[in-house]
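> Below you will find the structure I want to go over with you.
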Amino acid sequence: MEILRELLSAGAADACLALEAGRVRITSDSGGLVLISRKELLDWVGTDPDATAMIEQADLLNTEIRLQGA
């Protein structure tokens, strides 16, 4: 959940959460499999999300990561 908060506060408008070589990281380049962009996350949870919204989004992303085999 902390990495999602970091993504929300990322300075780059094109920041995203990507899966690369089995690791999840915040990036602005096109490397790895993009899990969610900063814009998408903002659309889902808003600029000041509550804990429940962040937990739900983190659970969805964890499921997606597991489905990718990481």
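Residue numbering restarts at 1 for every chain of the structure tokens, chains are lettered A, B, ... in their displayed order, and ligands are numbered from 1 as they appear.
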Write out as an mmCIF file with C-alpha atoms, in the first residue's frame each polymer residue whose atoms come within 9 Å of Gly32 (chain A), counting only C-alpha atoms; drop sequence neighbours fewer than 6 positions from it.


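Written out: result35.cif:
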data_model
loop_
_atom_site.group_PDB
_atom_site.id
_atom_site.type_symbol
_atom_site.label_atom_id
_atom_site.label_comp_id
_atom_site.auth_asym_id
_atom_site.auth_seq_id
_atom_site.Cartn_x
_atom_site.Cartn_y
_atom_site.Cartn_z
ATOM 1 C CA ALA A 18 5.522 -1.428 -13.333
ATOM 2 C CA LEU A 19 6.498 -5.064 -12.897
ATOM 3 C CA GLU A 20 10.023 -5.626 -14.152
ATOM 4 C CA ALA A 21 12.186 -8.698 -13.590
#

> For Ile65 (chain A), list every protein, DNA or RNA residue within 12 Å, evaluated using only C-alpha atoms, and leave out those in the same chain fewer than 3 positions away; present the list as JSON, numbers by chain.

{"A": [17, 18, 19, 20, 21, 22, 23, 24, 33, 34, 35, 36, 58, 59, 60, 61, 62, 68, 69, 70]}

> From the DSSP assignment of the backbone, select every residue of chain A that is alpha helix (DSSP H), and format the answer as JSON, numbers by chain.

{"A": [2, 3, 4, 5, 6, 7, 8, 38, 39, 40, 41, 42, 43, 44, 45, 51, 52, 53, 54, 55, 56, 57, 58, 59, 60, 61, 62, 63, 64, 65, 66, 67]}

> Between A:Ile26, A:Thr52, A:Val45, A:Leu67, which one has atoms that come closest to Gly11 (chain A), using only C-alpha atoms?

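Closest to Gly11 (chain A) of all the choices is A:Ile26.
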
> Write out as a ChimeraX atom specification which residues come within 7 Å of Leu8 (chain A) when counting only C-alpha atoms, dropping same-chain ones fewer than 2 positions away.

/A:4-6,10,38,42

> Output N, CA and C atoms for every residue in the selection just made, as a tab-separated table (two decimals), in the first residue's frame.


chain	number	residue	atom	x	y	z
A	4	LEU	N	1.77	2.54	-3.41
A	4	LEU	CA	0.68	3.27	-4.07
A	4	LEU	C	0.65	4.72	-3.61
A	5	ARG	N	0.91	4.96	-2.35
A	5	ARG	CA	0.98	6.34	-1.85
A	5	ARG	C	2.17	7.07	-2.51
A	6	GLU	N	3.28	6.35	-2.70
A	6	GLU	CA	4.43	6.94	-3.38
A	6	GLU	C	4.08	7.28	-4.83
A	10	ALA	N	4.14	10.96	-6.72
A	10	ALA	CA	5.21	11.08	-7.71
A	10	ALA	C	5.07	12.39	-8.47
A	38	ARG	N	-0.19	6.54	-12.73
A	38	ARG	CA	-0.56	7.49	-11.68
A	38	ARG	C	-1.95	8.06	-11.96
A	42	LEU	N	-5.22	7.82	-9.60
A	42	LEU	CA	-5.94	9.02	-9.17
A	42	LEU	C	-7.42	8.93	-9.53

> Work out how far CA of Ser37 (chain A) is from CA of Ala13 (chain A), in Å to one decimal.

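Taking CA of Ala13 (chain A) and CA of Ser37 (chain A), their separation equals 9.0 Å.
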
> Could you tell me how far CA of Thr27 (chain A) lies from CA of Ala15 (chain A), in Å and to one decimal?

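Those two atoms sit 5.5 Å apart.
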
> For the atom pair CA of Met54 (chain A) and CA of Glu2 (chain A), what is the interatomic distance in Å to one decimal place?

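Atom-to-atom, CA of Met54 (chain A) and CA of Glu2 (chain A) are spaced 9.0 Å apart.
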
> Rank A:Thr47, A:Glu56, A:Lys39, A:Glu64 by their smallest atom-to-atom distance to Asp14 (chain A), using only C-alpha atoms, and report the top residue only.

A:Lys39

> Among the residues of chain A, find those DSSP assigns to strand (DSSP E) from the backbone and print them as a list in words.

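After running DSSP on the backbone, chain A has strand (DSSP E) at Cys16, Leu17, Ala18, Leu19, Glu20, Arg23, Val24, Arg25, Ile26, Thr27, Leu33, Val34, Leu35, Ile36 and Ser37 of chain A.
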
> Taking only C-alpha atoms into account, which of A:Met1, A:Asp48, A:Glu40, A:Thr63 comes nearest Cys16 (chain A)?

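Closest candidate: A:Glu40.
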